[in-house]
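Shown here: start37.cif, mmCIF, C-alpha atoms and all ligand atoms.
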data_run
#
loop_
_atom_site.group_PDB
_atom_site.id
_atom_site.type_symbol
_atom_site.label_atom_id
_atom_site.label_comp_id
_atom_site.auth_asym_id
_atom_site.auth_seq_id
_atom_site.Cartn_x
_atom_site.Cartn_y
_atom_site.Cartn_z
ATOM 1 C CA MET A 1 -29.047 25.384 4.345
ATOM 2 C CA GLU A 2 -29.701 21.670 4.097
ATOM 3 C CA ASP A 3 -26.872 19.188 4.067
ATOM 4 C CA PHE A 4 -26.998 17.875 0.506
ATOM 5 C CA SER A 5 -25.275 14.646 1.502
ATOM 6 C CA LEU A 6 -28.029 13.506 3.866
ATOM 7 C CA PRO A 7 -28.943 9.923 2.950
ATOM 8 C CA GLY A 8 -32.024 9.601 0.785
ATOM 9 C CA LYS A 9 -32.070 13.204 -0.375
ATOM 10 C CA ILE A 10 -30.005 12.866 -3.503
ATOM 11 C CA ASP A 11 -31.966 12.239 -6.671
ATOM 12 C CA TYR A 12 -29.385 10.632 -8.885
ATOM 13 C CA HIS A 13 -29.446 8.154 -11.717
ATOM 14 C CA ILE A 14 -26.665 5.762 -12.587
ATOM 15 C CA THR A 15 -26.205 6.069 -16.334
ATOM 16 C CA GLU A 16 -23.374 3.579 -16.673
ATOM 17 C CA SER A 17 -21.476 1.140 -14.511
ATOM 18 C CA PHE A 18 -18.743 -1.309 -15.339
ATOM 19 C CA LEU A 19 -16.324 -3.628 -13.621
ATOM 20 C CA LEU A 20 -12.617 -3.646 -14.324
ATOM 21 C CA PRO A 21 -10.420 -6.572 -13.337
ATOM 22 C CA HIS A 22 -7.893 -5.272 -10.834
ATOM 23 C CA ILE A 23 -4.672 -7.196 -10.423
ATOM 24 C CA ALA A 24 -2.266 -6.044 -7.750
ATOM 25 C CA GLY A 25 0.916 -7.610 -6.557
ATOM 26 C CA THR A 26 4.348 -7.037 -5.230
ATOM 27 C CA ALA A 27 7.872 -7.926 -6.286
ATOM 28 C CA TYR A 28 10.877 -9.218 -4.343
ATOM 29 C CA PRO A 29 13.583 -8.331 -4.725
ATOM 30 C CA HIS A 30 12.934 -4.931 -6.258
ATOM 31 C CA GLN A 31 16.292 -5.063 -7.973
ATOM 32 C CA VAL A 32 17.635 -7.778 -10.267
ATOM 33 C CA GLY A 33 21.145 -6.983 -11.425
ATOM 34 C CA ASN A 34 20.987 -3.500 -12.854
ATOM 35 C CA ILE A 35 17.207 -3.628 -13.360
ATOM 36 C CA LEU A 36 15.249 -1.644 -10.770
ATOM 37 C CA LEU A 37 11.536 -2.432 -10.540
ATOM 38 C CA VAL A 38 9.564 0.778 -9.995
ATOM 39 C CA GLY A 39 5.886 1.683 -10.134
ATOM 40 C CA ILE A 40 3.450 -1.152 -10.689
ATOM 41 C CA SER A 41 6.233 -3.485 -11.831
ATOM 42 C CA GLY A 42 7.722 -3.207 -8.339
ATOM 43 C CA GLY A 43 4.400 -3.549 -6.544
ATOM 44 C CA PHE A 44 4.148 0.128 -5.626
ATOM 45 C CA MET A 45 0.433 0.511 -5.914
ATOM 46 C CA GLU A 46 -1.710 0.885 -2.834
ATOM 47 C CA ALA A 47 -3.963 -2.143 -2.635
ATOM 48 C CA PHE A 48 -6.459 -0.240 -0.473
ATOM 49 C CA LEU A 49 -7.972 1.830 -3.307
ATOM 50 C CA GLY A 50 -5.725 0.985 -6.247
ATOM 51 C CA PHE A 51 -3.955 4.344 -6.150
ATOM 52 C CA GLY A 52 -0.443 4.146 -7.502
ATOM 53 C CA THR A 53 0.524 7.451 -9.047
ATOM 54 C CA VAL A 54 2.255 8.986 -6.038
ATOM 55 C CA SER A 55 3.843 5.752 -4.799
ATOM 56 C CA SER A 56 5.065 4.975 -8.331
ATOM 57 C CA ILE A 57 6.689 8.387 -8.621
ATOM 58 C CA ARG A 58 8.201 7.975 -5.157
ATOM 59 C CA SER A 59 9.680 4.614 -6.162
ATOM 60 C CA GLY A 60 11.083 6.247 -9.307
ATOM 61 C CA ILE A 61 12.739 8.988 -7.259
ATOM 62 C CA LEU A 62 14.228 6.360 -4.943
ATOM 63 C CA ALA A 63 15.474 4.396 -7.969
ATOM 64 C CA ALA A 64 17.206 7.541 -9.258
ATOM 65 C CA ARG A 65 18.735 8.039 -5.823
ATOM 66 C CA ALA A 66 19.914 4.405 -5.702
ATOM 67 C CA ILE A 67 21.623 4.859 -9.077
ATOM 68 C CA ALA A 68 23.091 8.279 -8.227
ATOM 69 C CA THR A 69 24.469 7.146 -4.865
ATOM 70 C CA ASN A 70 25.194 3.538 -5.842
ATOM 71 C CA SER A 71 23.007 2.345 -2.925
ATOM 72 C CA PRO A 72 20.965 -0.876 -2.695
ATOM 73 C CA PHE A 73 17.473 -0.068 -4.022
ATOM 74 C CA ASP A 74 15.768 -2.613 -1.722
ATOM 75 C CA GLY A 75 17.084 -0.750 1.309
ATOM 76 C CA LEU A 76 15.869 2.619 0.017
ATOM 77 C CA VAL A 77 12.345 1.389 -0.739
ATOM 78 C CA LYS A 78 11.898 -0.448 2.549
ATOM 79 C CA LYS A 79 9.703 2.279 4.090
ATOM 80 C CA LEU A 80 7.602 2.626 0.940
ATOM 81 C CA ASP A 81 7.282 -1.141 0.843
ATOM 82 C CA GLN A 82 5.973 -1.161 4.413
ATOM 83 C CA GLU A 83 3.375 1.445 3.454
ATOM 84 C CA MET A 84 2.254 -0.811 0.608
ATOM 85 C CA ARG A 85 1.989 -3.779 2.994
ATOM 86 C CA ARG A 86 -0.124 -1.732 5.418
ATOM 87 C CA SER A 87 -2.362 -0.799 2.521
ATOM 88 C CA VAL A 88 -2.765 -4.504 1.727
ATOM 89 C CA ARG A 89 -3.849 -5.128 5.321
ATOM 90 C CA ILE A 90 -6.570 -2.510 4.992
ATOM 91 C CA ARG A 91 -7.678 -4.063 1.710
ATOM 92 C CA GLU A 92 -7.755 -7.514 3.363
ATOM 93 C CA ALA A 93 -9.994 -6.117 6.090
ATOM 94 C CA LEU A 94 -12.263 -4.469 3.492
ATOM 95 C CA ASN A 95 -12.490 -7.751 1.589
ATOM 96 C CA THR A 96 -14.102 -9.356 4.624
ATOM 97 C CA MET A 97 -16.715 -6.599 5.031
ATOM 98 C CA ARG A 98 -20.377 -6.529 4.090
ATOM 99 C CA ASN A 99 -22.555 -3.512 3.274
ATOM 100 C CA ALA A 100 -23.560 -3.008 6.922
ATOM 101 C CA ASP A 101 -19.874 -2.957 7.890
ATOM 102 C CA TYR A 102 -19.189 -0.302 5.231
ATOM 103 C CA ASP A 103 -22.032 1.786 6.660
ATOM 104 C CA ARG A 104 -20.461 1.504 10.112
ATOM 105 C CA LEU A 105 -17.062 2.434 8.694
ATOM 106 C CA VAL A 106 -18.453 5.547 7.010
ATOM 107 C CA SER A 107 -20.248 6.510 10.257
ATOM 108 C CA LEU A 108 -16.977 6.037 12.111
ATOM 109 C CA GLY A 109 -15.243 8.380 9.668
ATOM 110 C CA THR A 110 -17.753 11.126 10.433
ATOM 111 C CA LEU A 111 -17.153 11.046 14.199
ATOM 112 C CA PRO A 112 -15.853 14.471 15.311
ATOM 113 C CA ILE A 113 -12.712 12.991 16.872
ATOM 114 C CA ILE A 114 -11.842 11.112 13.671
ATOM 115 C CA LYS A 115 -12.589 14.205 11.532
ATOM 116 C CA GLN A 116 -10.438 16.277 13.857
ATOM 117 C CA ILE A 117 -7.511 13.861 13.461
ATOM 118 C CA ASN A 118 -8.031 13.535 9.729
ATOM 119 C CA TYR A 119 -8.353 17.206 8.806
ATOM 120 C CA ASN A 120 -6.489 19.048 11.540
ATOM 121 C CA THR A 121 -3.459 16.910 12.283
ATOM 122 C CA ASN A 122 -0.693 15.303 10.261
ATOM 123 C CA ILE A 123 -1.383 11.882 11.745
ATOM 124 C CA PRO A 124 -1.404 9.442 8.793
ATOM 125 C CA ILE A 125 -4.616 7.753 9.868
ATOM 126 C CA LEU A 126 -4.550 5.075 7.162
ATOM 127 C CA ASN A 127 -0.952 4.188 7.970
ATOM 128 C CA VAL A 128 -1.878 3.868 11.635
ATOM 129 C CA ALA A 129 -4.887 1.703 10.757
ATOM 130 C CA GLY A 130 -2.659 -0.404 8.505
ATOM 131 C CA SER A 131 -0.075 -0.838 11.276
ATOM 132 C CA VAL A 132 -2.752 -1.971 13.718
ATOM 133 C CA LEU A 133 -4.072 -4.439 11.148
ATOM 134 C CA GLU A 134 -0.509 -5.626 10.485
ATOM 135 C CA LEU A 135 -0.217 -6.414 14.210
ATOM 136 C CA VAL A 136 -3.599 -8.147 14.202
ATOM 137 C CA ARG A 137 -2.506 -10.081 11.120
ATOM 138 C CA LYS A 138 0.418 -11.548 13.048
ATOM 139 C CA SER A 139 -1.920 -13.105 15.599
ATOM 140 C CA VAL A 140 -4.943 -13.949 13.435
ATOM 141 C CA ASP A 141 -4.752 -16.380 10.558
ATOM 142 C CA LEU A 142 -6.289 -14.650 7.554
ATOM 143 C CA THR A 143 -4.553 -16.871 5.027
ATOM 144 C CA GLU A 144 -7.705 -17.418 3.025
ATOM 145 C CA LYS A 145 -8.393 -13.693 2.828
ATOM 146 C CA SER A 146 -4.803 -12.680 2.274
ATOM 147 C CA ILE A 147 -3.732 -11.261 -1.048
ATOM 148 C CA LEU A 148 -0.129 -11.067 0.070
ATOM 149 C CA PRO A 149 2.483 -13.805 0.392
ATOM 150 C CA PRO A 150 4.197 -14.229 3.793
ATOM 151 C CA SER A 151 6.559 -11.361 4.689
ATOM 152 C CA PRO A 152 9.916 -11.748 2.983
ATOM 153 C CA LYS A 153 13.031 -11.468 5.134
ATOM 154 C CA ILE A 154 14.834 -8.346 3.889
ATOM 155 C CA SER A 155 18.363 -8.075 5.266
HETATM 156 C C1 LIG B 1 -8.601 2.647 -14.468
HETATM 157 C C2 LIG B 1 -7.496 3.070 -13.540
HETATM 158 C C3 LIG B 1 -7.708 4.147 -12.695
HETATM 159 C C4 LIG B 1 -6.701 4.551 -11.823
HETATM 160 N N1 LIG B 1 -6.937 5.619 -10.995
HETATM 161 C C5 LIG B 1 -5.960 6.054 -10.191
HETATM 162 C C6 LIG B 1 -6.155 7.193 -9.365
HETATM 163 O O1 LIG B 1 -7.216 7.818 -9.368
HETATM 164 N N2 LIG B 1 -5.143 7.584 -8.567
HETATM 165 C C7 LIG B 1 -3.953 6.931 -8.526
HETATM 166 O O2 LIG B 1 -3.046 7.334 -7.778
HETATM 167 N N3 LIG B 1 -3.738 5.837 -9.302
HETATM 168 C C8 LIG B 1 -4.697 5.384 -10.142
HETATM 169 N N4 LIG B 1 -4.485 4.293 -10.936
HETATM 170 C C9 LIG B 1 -3.202 3.588 -10.839
HETATM 171 C C10 LIG B 1 -2.114 4.346 -11.598
HETATM 172 O O3 LIG B 1 -2.564 4.629 -12.910
HETATM 173 C C11 LIG B 1 -0.855 3.471 -11.641
HETATM 174 O O4 LIG B 1 -0.541 3.068 -10.314
HETATM 175 C C12 LIG B 1 0.320 4.229 -12.222
HETATM 176 O O5 LIG B 1 0.008 4.725 -13.498
HETATM 177 C C13 LIG B 1 1.503 3.275 -12.313
HETATM 178 O O6 LIG B 1 2.546 3.905 -12.989
HETATM 179 P P1 LIG B 1 3.630 3.031 -13.723
HETATM 180 O O7 LIG B 1 4.597 4.007 -14.307
HETATM 181 O O8 LIG B 1 4.174 1.986 -12.797
HETATM 182 O O9 LIG B 1 2.890 2.216 -14.857
HETATM 183 P P2 LIG B 1 2.088 2.751 -16.111
HETATM 184 O O10 LIG B 1 1.494 4.109 -15.873
HETATM 185 O O11 LIG B 1 1.172 1.627 -16.486
HETATM 186 O O12 LIG B 1 3.222 2.943 -17.188
HETATM 187 C C14 LIG B 1 3.833 1.835 -17.818
HETATM 188 C C15 LIG B 1 4.118 2.264 -19.239
HETATM 189 O O13 LIG B 1 4.971 1.272 -19.830
HETATM 190 C C16 LIG B 1 4.487 1.052 -21.129
HETATM 191 N N5 LIG B 1 4.967 -0.295 -21.522
HETATM 192 C C17 LIG B 1 4.498 -1.478 -21.091
HETATM 193 N N6 LIG B 1 5.196 -2.474 -21.668
HETATM 194 C C18 LIG B 1 6.112 -1.889 -22.464
HETATM 195 C C19 LIG B 1 7.129 -2.380 -23.320
HETATM 196 N N7 LIG B 1 7.353 -3.708 -23.460
HETATM 197 N N8 LIG B 1 7.892 -1.502 -23.972
HETATM 198 C C20 LIG B 1 7.701 -0.152 -23.832
HETATM 199 N N9 LIG B 1 6.741 0.374 -23.023
HETATM 200 C C21 LIG B 1 5.970 -0.501 -22.368
HETATM 201 C C22 LIG B 1 2.981 1.158 -21.037
HETATM 202 O O14 LIG B 1 2.425 1.419 -22.288
HETATM 203 C C23 LIG B 1 2.848 2.345 -20.083
HETATM 204 O O15 LIG B 1 2.834 3.576 -20.765
HETATM 205 C C24 LIG B 1 -5.466 3.866 -11.807
HETATM 206 C C25 LIG B 1 -5.258 2.781 -12.687
HETATM 207 C C26 LIG B 1 -6.258 2.386 -13.535
HETATM 208 C C27 LIG B 1 -6.001 1.228 -14.461
#
Here is the file; what I need is its structure written in the form of structure tokens.
Amino acid sequence: MEDFSLPGKIDYHITESFLLPHIAGTAYPHQVGNILLVGISGGFMEAFLGFGTVSSIRSGILAARAIATNSPFDGLVKKLDQEMRRSVRIREALNTMRNADYDRLVSLGTLPIIKQINYNTNIPILNVAGSVLELVRKSVDLTEKSILPPSPKIS
């Protein structure tokens, strides 16, 4: 059986395409008085692909926990916040890429070792990539490309 996804073998027609403005951001602090900022209002949308359903629900659960246990919300969302920052780093990297780079990225994703890690382990590959980019970000000035303000100091 032929691999249907081989380049050049799909006969498809684009019937419609449109562009949507996409505005993403973050919020600090996530709590102002007794107002807890969850979901998009708190910046809990992954900048990488604009996915925010799961992270929004997670922030809502953490908000409920903060209320139920009378704990500081900013402390509870710290890990989720870091995930969002890593996602921004990936987006920043994507913003600098051209079509040829995307082709290379897709080829990289089809390498057996990468597929093995992606499908057969629990290693959060995007989080790892984001962490690496976060480290790179500390040594390389990407200010012009950055869509994130400097890291806030959370006590
Ligand atoms: C086109 C598009 C496609 C997307 N695709 C995906 C996807 O495939 N996967 C994914 O994970 N995420 C996706 N997202 C992102 C996802 O929809 C959001 O991250 C998620 O819905 C955020 O949830 P939220 O509760 O923070 O905000 P929302 O879902 O926007 O909910 C906010 C609600 O508050 C209401 N509201 C606003 N102001 C007021 C007011 N003053 N008084 C009362 N109510 C008010 C709004 O009407 C709305 O119902 C997509 C977003 C868009 C726009």
Query - Close residues, Arg91 in chain A itself excluded, 7 Å, all atoms listed in the file, min 4 positions apart in chain, as a list in words - result: Ala47, Phe48, Ser87 and Asn95 of chain A
Query raised in the report: Could you write out as a PyMOL selection string the residues that the PyMOL selection byres (((chain A and resi 94) around 12) and not hetatm) matches in the shown file?
Result: chain A and resi 47-49+87-93+95-102+105+130+133+145-147
Using only C-alpha atoms, which residues sit within 8 Å of range 20-37 of chain A once same-chain residues fewer than 3 positions away are excluded, as an mmCIF file with C-alpha atoms, in the coordinates of the input?
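Wrote it out as out_14.cif, contents follow:
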data_model
loop_
_atom_site.group_PDB
_atom_site.id
_atom_site.type_symbol
_atom_site.label_atom_id
_atom_site.label_comp_id
_atom_site.auth_asym_id
_atom_site.auth_seq_id
_atom_site.Cartn_x
_atom_site.Cartn_y
_atom_site.Cartn_z
ATOM 1 C CA SER A 41 6.233 -3.485 -11.831
ATOM 2 C CA GLY A 42 7.722 -3.207 -8.339
ATOM 3 C CA GLY A 43 4.400 -3.549 -6.544
ATOM 4 C CA PHE A 44 4.148 0.128 -5.626
ATOM 5 C CA MET A 45 0.433 0.511 -5.914
ATOM 6 C CA ALA A 47 -3.963 -2.143 -2.635
ATOM 7 C CA GLY A 50 -5.725 0.985 -6.247
ATOM 8 C CA ALA A 63 15.474 4.396 -7.969
ATOM 9 C CA PHE A 73 17.473 -0.068 -4.022
ATOM 10 C CA ASP A 74 15.768 -2.613 -1.722
ATOM 11 C CA LEU A 148 -0.129 -11.067 0.070
ATOM 12 C CA PRO A 152 9.916 -11.748 2.983
#
Query - Distance criterion (all atoms listed in the file): nearest to Gly60 in chain A out of A:Ile117, A:Pro124, A:Ser17, A:Val38 - result: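 Nearest to Gly60 in chain A: A:Val38.
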Requested in this report: Report as a list in words which protein, DNA and RNA residues come within 6 Å of ligand LIG 1 (chain B), using only C-alpha atoms and all ligand atoms.
Outcome: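 These are the residues that qualify: Gly39, Ile40, Ser41, Met45, Gly50, Phe51, Gly52, Thr53, Val54 and Ser56 of chain A.
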Query raised in the report: Looking at A:Asn127, A:Ala64, A:Tyr119, A:Leu135, which one is nearest to Leu80 in chain A, with distances taken over all atoms listed in the file?
Result: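 Checking each candidate against Leu80 in chain A, we get A:Asn127 as the closest.
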